[in-house]
$ cat structure.txt   # compact mmCIF, N, CA and C atoms
# COMPACT_ATOMS: atom_id res chain seq x y z
N MET C 218 0.72 1.26 -11.51
CA MET C 218 1.69 1.61 -10.49
C MET C 218 2.37 2.91 -10.91
N LYS C 219 2.59 3.76 -9.94
CA LYS C 219 3.34 5.00 -10.14
C LYS C 219 4.74 4.82 -9.59
N ILE C 220 5.71 5.36 -10.27
CA ILE C 220 7.09 5.35 -9.78
C ILE C 220 7.56 6.79 -9.67
N LEU C 221 8.01 7.16 -8.48
CA LEU C 221 8.53 8.50 -8.21
C LEU C 221 10.03 8.39 -7.98
N GLU C 222 10.80 9.12 -8.77
CA GLU C 222 12.26 9.07 -8.66
C GLU C 222 12.78 10.49 -8.49
N PHE C 223 13.61 10.71 -7.47
CA PHE C 223 14.11 12.04 -7.14
C PHE C 223 15.62 12.11 -7.32
N LYS C 224 16.07 13.10 -8.11
CA LYS C 224 17.50 13.36 -8.30
C LYS C 224 17.69 14.86 -8.37
N GLY C 225 18.61 15.37 -7.55
CA GLY C 225 18.83 16.81 -7.55
C GLY C 225 17.56 17.53 -7.11
N ALA C 226 17.08 18.44 -7.94
CA ALA C 226 15.83 19.16 -7.64
C ALA C 226 14.72 18.76 -8.59
N LEU C 227 14.89 17.59 -9.26
CA LEU C 227 13.89 17.13 -10.22
C LEU C 227 13.30 15.80 -9.79
N ALA C 228 12.00 15.69 -9.97
CA ALA C 228 11.30 14.42 -9.70
C ALA C 228 10.76 13.90 -11.02
N GLN C 229 10.98 12.63 -11.27
CA GLN C 229 10.44 11.98 -12.45
C GLN C 229 9.29 11.10 -11.98
N ILE C 230 8.12 11.29 -12.56
CA ILE C 230 6.93 10.54 -12.17
C ILE C 230 6.47 9.73 -13.37
N CYS C 231 6.50 8.40 -13.24
CA CYS C 231 6.13 7.50 -14.34
C CYS C 231 4.86 6.74 -13.97
N GLU C 232 3.93 6.70 -14.92
CA GLU C 232 2.70 5.94 -14.74
C GLU C 232 2.11 5.61 -16.10
N ASP C 233 1.73 4.35 -16.27
CA ASP C 233 1.10 3.89 -17.52
C ASP C 233 1.89 4.29 -18.76
N GLY C 234 3.21 4.17 -18.70
CA GLY C 234 4.06 4.46 -19.85
C GLY C 234 4.28 5.94 -20.12
N LYS C 235 3.74 6.80 -19.29
CA LYS C 235 3.92 8.24 -19.46
C LYS C 235 4.83 8.76 -18.34
N THR C 236 5.70 9.68 -18.69
CA THR C 236 6.63 10.25 -17.73
C THR C 236 6.51 11.76 -17.72
N LYS C 237 6.49 12.33 -16.51
CA LYS C 237 6.56 13.78 -16.40
C LYS C 237 7.67 14.11 -15.41
N ILE C 238 8.31 15.24 -15.65
CA ILE C 238 9.40 15.69 -14.78
C ILE C 238 8.99 17.02 -14.17
N VAL C 239 9.09 17.10 -12.86
CA VAL C 239 8.71 18.32 -12.15
C VAL C 239 9.85 18.75 -11.23
N GLN C 240 9.95 20.04 -11.02
CA GLN C 240 10.95 20.58 -10.11
C GLN C 240 10.31 20.67 -8.72
N TYR C 241 11.12 20.47 -7.69
CA TYR C 241 10.59 20.52 -6.33
C TYR C 241 11.59 21.19 -5.40
N SER C 242 11.04 21.72 -4.30
CA SER C 242 11.91 22.26 -3.26
C SER C 242 11.89 21.36 -2.03
N ASN C 243 10.90 20.47 -1.94
CA ASN C 243 10.81 19.49 -0.86
C ASN C 243 10.17 18.22 -1.42
N PRO C 244 10.87 17.09 -1.39
CA PRO C 244 10.32 15.86 -1.97
C PRO C 244 9.02 15.41 -1.31
N LEU C 245 8.82 15.75 -0.05
CA LEU C 245 7.58 15.35 0.62
C LEU C 245 6.36 16.00 -0.02
N ASP C 246 6.53 17.19 -0.59
CA ASP C 246 5.42 17.85 -1.26
C ASP C 246 4.95 17.04 -2.47
N ILE C 247 5.89 16.51 -3.24
CA ILE C 247 5.55 15.70 -4.41
C ILE C 247 4.86 14.42 -3.97
N ILE C 248 5.40 13.75 -2.98
CA ILE C 248 4.80 12.50 -2.50
C ILE C 248 3.40 12.76 -1.97
N ARG C 249 3.25 13.80 -1.19
CA ARG C 249 1.93 14.16 -0.62
C ARG C 249 0.92 14.44 -1.74
N ASP C 250 1.34 15.18 -2.78
CA ASP C 250 0.44 15.48 -3.90
C ASP C 250 0.02 14.22 -4.64
N GLU C 251 0.95 13.29 -4.82
CA GLU C 251 0.62 12.05 -5.53
C GLU C 251 -0.28 11.13 -4.71
N LEU C 252 -0.17 11.19 -3.38
CA LEU C 252 -0.99 10.32 -2.53
C LEU C 252 -2.39 10.85 -2.27
N LYS C 253 -2.60 12.15 -2.41
CA LYS C 253 -3.88 12.72 -2.01
C LYS C 253 -5.04 12.28 -2.90
N TYR C 254 -4.76 11.76 -4.08
CA TYR C 254 -5.83 11.36 -4.99
C TYR C 254 -6.23 9.89 -4.85
N LEU C 255 -5.57 9.17 -3.96
CA LEU C 255 -5.87 7.74 -3.83
C LEU C 255 -7.21 7.51 -3.15
N GLU C 256 -7.97 6.61 -3.72
CA GLU C 256 -9.21 6.17 -3.09
C GLU C 256 -9.27 4.66 -3.26
N GLY C 257 -9.65 3.95 -2.22
CA GLY C 257 -9.75 2.50 -2.30
C GLY C 257 -11.16 2.07 -2.64
N SER C 258 -11.26 1.03 -3.43
CA SER C 258 -12.56 0.43 -3.73
C SER C 258 -12.47 -1.04 -3.38
N GLY C 259 -13.39 -1.54 -2.62
CA GLY C 259 -13.40 -2.94 -2.26
C GLY C 259 -14.63 -3.62 -2.81
N ILE C 260 -14.61 -4.94 -2.87
CA ILE C 260 -15.76 -5.70 -3.36
C ILE C 260 -16.99 -5.35 -2.53
N SER C 261 -16.79 -5.23 -1.23
CA SER C 261 -17.92 -4.98 -0.34
C SER C 261 -18.39 -3.53 -0.40
N GLY C 262 -17.59 -2.66 -1.01
CA GLY C 262 -17.93 -1.25 -1.06
C GLY C 262 -17.60 -0.51 0.22
N LYS C 263 -17.04 -1.20 1.23
CA LYS C 263 -16.68 -0.56 2.49
C LYS C 263 -15.34 0.13 2.38
N LYS C 264 -15.21 1.24 3.03
CA LYS C 264 -13.93 1.95 3.08
C LYS C 264 -13.02 1.27 4.10
N SER C 265 -11.75 1.22 3.78
CA SER C 265 -10.77 0.62 4.67
C SER C 265 -10.03 1.72 5.42
N PRO C 266 -9.67 1.49 6.69
CA PRO C 266 -8.86 2.48 7.39
C PRO C 266 -7.45 2.56 6.79
N PHE C 267 -7.02 1.51 6.12
CA PHE C 267 -5.72 1.49 5.43
C PHE C 267 -5.99 1.43 3.94
N HIS C 268 -5.43 2.35 3.19
CA HIS C 268 -5.66 2.33 1.75
C HIS C 268 -4.38 2.25 0.94
N GLY C 269 -3.28 1.93 1.59
CA GLY C 269 -2.02 1.81 0.86
C GLY C 269 -1.20 3.06 1.01
N GLY C 270 -0.28 3.25 0.11
CA GLY C 270 0.57 4.43 0.17
C GLY C 270 1.79 4.25 -0.69
N ALA C 271 2.85 4.96 -0.36
CA ALA C 271 4.10 4.90 -1.11
C ALA C 271 5.10 4.03 -0.36
N VAL C 272 5.81 3.20 -1.11
CA VAL C 272 6.84 2.33 -0.55
C VAL C 272 8.15 2.68 -1.25
N GLY C 273 9.20 2.93 -0.46
CA GLY C 273 10.46 3.26 -1.08
C GLY C 273 11.50 3.69 -0.07
N TYR C 274 12.38 4.58 -0.49
CA TYR C 274 13.46 5.00 0.40
C TYR C 274 13.82 6.47 0.17
N PHE C 275 14.38 7.07 1.19
CA PHE C 275 15.04 8.38 1.13
C PHE C 275 16.52 8.14 1.33
N GLY C 276 17.35 8.66 0.45
CA GLY C 276 18.80 8.58 0.61
C GLY C 276 19.28 9.62 1.61
N TYR C 277 20.46 9.41 2.12
CA TYR C 277 21.03 10.30 3.14
C TYR C 277 21.13 11.75 2.65
N ASP C 278 21.48 11.95 1.38
CA ASP C 278 21.69 13.30 0.86
C ASP C 278 20.44 14.17 0.89
N LEU C 279 19.28 13.59 1.04
CA LEU C 279 18.05 14.38 1.11
C LEU C 279 17.91 15.12 2.44
N VAL C 280 18.84 14.91 3.34
CA VAL C 280 18.82 15.62 4.61
C VAL C 280 18.83 17.14 4.37
N ARG C 281 19.37 17.57 3.26
CA ARG C 281 19.46 19.00 2.96
C ARG C 281 18.09 19.66 2.84
N PHE C 282 17.04 18.89 2.57
CA PHE C 282 15.69 19.45 2.47
C PHE C 282 15.03 19.60 3.84
N PHE C 283 15.55 18.89 4.84
CA PHE C 283 14.92 18.89 6.16
C PHE C 283 15.75 19.59 7.23
N GLU C 284 17.06 19.54 7.08
CA GLU C 284 17.98 20.16 8.04
C GLU C 284 18.81 21.20 7.30
N THR C 285 18.39 22.43 7.33
CA THR C 285 19.05 23.47 6.55
C THR C 285 20.39 23.91 7.15
N ASP C 286 20.66 23.54 8.40
CA ASP C 286 21.93 23.93 9.03
C ASP C 286 23.08 23.01 8.63
N ILE C 287 22.79 21.88 8.03
CA ILE C 287 23.84 20.94 7.64
C ILE C 287 24.35 21.32 6.26
N GLU C 288 25.65 21.50 6.16
CA GLU C 288 26.25 21.84 4.87
C GLU C 288 26.57 20.57 4.11
N MET C 289 26.13 20.53 2.87
CA MET C 289 26.37 19.37 2.02
C MET C 289 27.40 19.75 0.96
N PRO C 290 28.25 18.82 0.57
CA PRO C 290 29.25 19.12 -0.47
C PRO C 290 28.55 19.42 -1.80
N GLU C 291 29.16 20.29 -2.59
CA GLU C 291 28.59 20.69 -3.88
C GLU C 291 28.82 19.63 -4.96
N GLU C 292 29.80 18.76 -4.73
CA GLU C 292 30.16 17.79 -5.76
C GLU C 292 29.06 16.75 -5.97
N GLU C 293 29.03 16.23 -7.16
CA GLU C 293 28.07 15.21 -7.56
C GLU C 293 28.46 13.89 -6.87
N PRO C 294 27.50 13.17 -6.29
CA PRO C 294 27.85 11.89 -5.66
C PRO C 294 28.41 10.90 -6.69
N SER C 295 29.29 10.01 -6.26
CA SER C 295 29.91 9.07 -7.18
C SER C 295 28.92 7.98 -7.63
N LEU C 296 27.95 7.67 -6.81
CA LEU C 296 26.93 6.70 -7.20
C LEU C 296 25.82 7.42 -7.95
N HIS C 297 25.29 6.81 -8.95
CA HIS C 297 24.28 7.47 -9.77
C HIS C 297 22.88 6.94 -9.47
N TYR C 298 22.64 6.63 -8.23
CA TYR C 298 21.32 6.18 -7.81
C TYR C 298 20.44 7.39 -7.49
N PRO C 299 19.13 7.22 -7.61
CA PRO C 299 18.24 8.32 -7.20
C PRO C 299 18.41 8.61 -5.71
N GLU C 300 18.20 9.87 -5.33
CA GLU C 300 18.29 10.25 -3.92
C GLU C 300 17.09 9.72 -3.14
N ALA C 301 16.01 9.50 -3.84
CA ALA C 301 14.82 8.89 -3.24
C ALA C 301 14.04 8.22 -4.36
N MET C 302 13.34 7.17 -4.01
CA MET C 302 12.53 6.47 -5.01
C MET C 302 11.37 5.80 -4.29
N PHE C 303 10.19 5.94 -4.85
CA PHE C 303 8.99 5.36 -4.26
C PHE C 303 8.10 4.78 -5.34
N ILE C 304 7.35 3.76 -5.00
CA ILE C 304 6.30 3.26 -5.87
C ILE C 304 4.97 3.44 -5.13
N ILE C 305 3.95 3.67 -5.90
CA ILE C 305 2.59 3.73 -5.37
C ILE C 305 1.81 2.67 -6.13
N PRO C 306 1.58 1.51 -5.52
CA PRO C 306 0.91 0.42 -6.24
C PRO C 306 -0.57 0.72 -6.47
N LYS C 307 -1.09 0.19 -7.58
CA LYS C 307 -2.52 0.35 -7.86
C LYS C 307 -3.34 -0.70 -7.13
N ILE C 308 -2.76 -1.87 -6.93
CA ILE C 308 -3.49 -2.95 -6.25
C ILE C 308 -2.80 -3.24 -4.92
N VAL C 309 -3.57 -3.23 -3.84
CA VAL C 309 -3.06 -3.55 -2.51
C VAL C 309 -3.91 -4.69 -1.96
N VAL C 310 -3.25 -5.77 -1.54
CA VAL C 310 -3.94 -6.89 -0.90
C VAL C 310 -3.55 -6.88 0.57
N ILE C 311 -4.55 -6.75 1.43
CA ILE C 311 -4.32 -6.66 2.87
C ILE C 311 -4.71 -7.98 3.51
N PHE C 312 -3.75 -8.62 4.17
CA PHE C 312 -4.00 -9.86 4.89
C PHE C 312 -4.14 -9.52 6.37
N ASP C 313 -5.32 -9.74 6.90
CA ASP C 313 -5.56 -9.53 8.33
C ASP C 313 -5.50 -10.89 9.01
N HIS C 314 -4.31 -11.26 9.45
CA HIS C 314 -4.12 -12.58 10.06
C HIS C 314 -4.89 -12.70 11.37
N PHE C 315 -4.97 -11.63 12.11
CA PHE C 315 -5.69 -11.65 13.38
C PHE C 315 -7.18 -11.87 13.16
N GLY C 316 -7.76 -11.15 12.21
CA GLY C 316 -9.20 -11.27 11.94
C GLY C 316 -9.54 -12.37 10.95
N GLY C 317 -8.52 -12.96 10.30
CA GLY C 317 -8.77 -14.03 9.35
C GLY C 317 -9.45 -13.54 8.07
N ARG C 318 -9.12 -12.32 7.64
CA ARG C 318 -9.76 -11.75 6.45
C ARG C 318 -8.70 -11.23 5.49
N THR C 319 -9.12 -11.13 4.24
CA THR C 319 -8.29 -10.51 3.22
C THR C 319 -9.12 -9.41 2.57
N GLN C 320 -8.50 -8.27 2.37
CA GLN C 320 -9.19 -7.16 1.71
C GLN C 320 -8.37 -6.75 0.50
N ILE C 321 -9.04 -6.48 -0.61
CA ILE C 321 -8.38 -6.07 -1.84
C ILE C 321 -8.79 -4.64 -2.13
N ILE C 322 -7.80 -3.80 -2.38
CA ILE C 322 -8.07 -2.39 -2.69
C ILE C 322 -7.38 -2.06 -4.00
N ILE C 323 -8.13 -1.45 -4.91
CA ILE C 323 -7.55 -0.96 -6.14
C ILE C 323 -7.70 0.54 -6.14
N HIS C 324 -6.60 1.23 -6.34
CA HIS C 324 -6.62 2.69 -6.33
C HIS C 324 -7.18 3.21 -7.64
N ASP C 325 -7.99 4.22 -7.51
CA ASP C 325 -8.55 4.89 -8.67
C ASP C 325 -8.38 6.38 -8.46
N TYR C 326 -8.39 7.11 -9.51
CA TYR C 326 -8.26 8.55 -9.43
C TYR C 326 -9.60 9.17 -9.81
N PRO C 327 -10.06 10.19 -9.08
CA PRO C 327 -11.39 10.76 -9.28
C PRO C 327 -11.69 11.21 -10.70
N GLU C 328 -10.67 11.62 -11.45
CA GLU C 328 -10.93 12.13 -12.79
C GLU C 328 -11.11 11.04 -13.84
N LYS C 329 -10.94 9.78 -13.45
CA LYS C 329 -11.08 8.68 -14.41
C LYS C 329 -12.54 8.39 -14.70
N SER C 330 -12.79 7.64 -15.77
CA SER C 330 -14.15 7.43 -16.26
C SER C 330 -14.86 6.25 -15.58
N GLU C 331 -16.15 6.15 -15.84
CA GLU C 331 -16.99 5.06 -15.33
C GLU C 331 -16.53 3.72 -15.91
N ILE C 332 -16.04 3.71 -17.16
CA ILE C 332 -15.55 2.48 -17.78
C ILE C 332 -14.38 1.92 -16.99
N LEU C 333 -13.46 2.79 -16.56
CA LEU C 333 -12.33 2.35 -15.75
C LEU C 333 -12.81 1.74 -14.44
N TYR C 334 -13.83 2.35 -13.83
CA TYR C 334 -14.37 1.82 -12.58
C TYR C 334 -14.92 0.41 -12.78
N ARG C 335 -15.62 0.18 -13.87
CA ARG C 335 -16.16 -1.17 -14.14
C ARG C 335 -15.02 -2.17 -14.35
N ASN C 336 -13.94 -1.73 -15.02
CA ASN C 336 -12.78 -2.61 -15.21
C ASN C 336 -12.13 -2.95 -13.87
N ILE C 337 -12.10 -1.99 -12.95
CA ILE C 337 -11.55 -2.24 -11.62
C ILE C 337 -12.38 -3.29 -10.90
N LEU C 338 -13.69 -3.19 -10.98
CA LEU C 338 -14.55 -4.19 -10.33
C LEU C 338 -14.31 -5.58 -10.91
N LYS C 339 -14.10 -5.68 -12.23
CA LYS C 339 -13.80 -6.97 -12.85
C LYS C 339 -12.48 -7.53 -12.30
N LYS C 340 -11.46 -6.66 -12.18
CA LYS C 340 -10.17 -7.10 -11.65
C LYS C 340 -10.30 -7.57 -10.20
N LEU C 341 -11.07 -6.84 -9.42
CA LEU C 341 -11.28 -7.23 -8.01
C LEU C 341 -11.93 -8.60 -7.92
N LYS C 342 -12.94 -8.84 -8.72
CA LYS C 342 -13.62 -10.14 -8.69
C LYS C 342 -12.70 -11.26 -9.15
N LYS C 343 -11.84 -10.98 -10.14
CA LYS C 343 -10.88 -11.98 -10.61
C LYS C 343 -9.85 -12.30 -9.51
N ILE C 344 -9.35 -11.26 -8.84
CA ILE C 344 -8.38 -11.47 -7.76
C ILE C 344 -9.04 -12.21 -6.61
N LYS C 345 -10.29 -11.92 -6.32
CA LYS C 345 -10.99 -12.56 -5.21
C LYS C 345 -11.10 -14.06 -5.43
N LYS C 346 -11.21 -14.50 -6.69
CA LYS C 346 -11.32 -15.94 -7.00
C LYS C 346 -10.01 -16.68 -6.82
N MET C 347 -8.88 -15.98 -6.80
CA MET C 347 -7.56 -16.64 -6.69
C MET C 347 -7.40 -17.36 -5.38
$ encode --input "structure.txt" --output "structure tokens"
Amino acid sequence: MKILEFKGALAQICEDGKTKIVQYSNPLDIIRDELKYLEGSGISGKKSPFHGGAVGYFGYDLVRFFETDIEMPEEEPSLHYPEAMFIIPKIVVIFDHFGGRTQIIIHDYPEKSEILYRNILKKLKKIKKM
């Protein structure tokens, strides 16, 4: 799972115990960059029209990135929560109640190795047995 946390003009991206901090001018650019590498793999090998995405929130103060005519106070907010926070899960289970099917998608990144792909297939088969 990836965790994206936005404060001020810095985004903290955490994944697999590693953290990187990047500067941004628009938080949507960071989210878009992190989502573009997602690919779903299913047991059947079929591509799904839905492959997951980012789940989280945008705080009100982020309006300054989208509406430049609104003046925001310079002072630091009294709450120390991130202005935005999102997770990008590695495993997505899709329940199609209408069709009576369940689909399991595990996100992989193109630069990862063949060994990781085999591990993903093992996880999918284990989840399918549940």
$ residues_around --input "structure.txt" --residues "region 230-245 of chain C" --least-positions-apart "2" --cutoff "5 Å" --atoms "all atoms listed in the file" --output "list of chain:residue names"
C:Met218, C:Lys219, C:Ile220, C:Leu221, C:Ala226, C:Leu227, C:Ala228, C:Ile247, C:Ile248, C:Arg249
$ closest_residue --input "structure.txt" --among "C:Val272, C:Glu251, C:Tyr277, C:Met302" --to "Phe223 (chain C)" --atoms "only C-alpha atoms"
C:Met302
$ atom_distance --input "structure.txt" --atom1 "atom N of Phe303 (chain C)" --atom2 "atom N of Lys224 (chain C)"
9.8 Å
$ closest_residue --input "structure.txt" --among "C:Ile337, C:Phe315, C:Ala301, C:Asp250" --to "Leu279 (chain C)" --atoms "only N, CA and C atoms"
C:Ala301
$ closest_residue --input "structure.txt" --among "C:Val280, C:Ile308, C:Leu252, C:Ile287" --to "Gln320 (chain C)" --atoms "only C-alpha atoms"
C:Ile308
$ atom_distance --input "structure.txt" --atom1 "atom C of Phe267 (chain C)" --atom2 "CA of Arg318 (chain C)"
13.9 Å
$ atom_distance --input "structure.txt" --atom1 "atom N of Asp313 (chain C)" --atom2 "atom N of Gly269 (chain C)"
13.0 Å
$ axis_aligned_box --input "structure.txt" --around "region 297-312 of chain C" --padding-each-side "8 Å" --output "lines of an AutoDock Vina configuration file"
center_x = 10.3
center_y = 0.2
center_z = -1.7
size_x = 46.0
size_y = 36.1
size_z = 32.1
$ closest_residue --input "structure.txt" --among "C:Arg335, C:Lys340, C:Lys346, C:Lys253" --to "Ile305 (chain C)" --atoms "only C-alpha atoms"
C:Lys253
$ residues_around --input "structure.txt" --residues "Val309 (chain C)" --least-positions-apart "5" --cutoff "8 Å" --atoms "only N, CA and C atoms" --output "number ranges by chain"
C: 268-270, 320-324
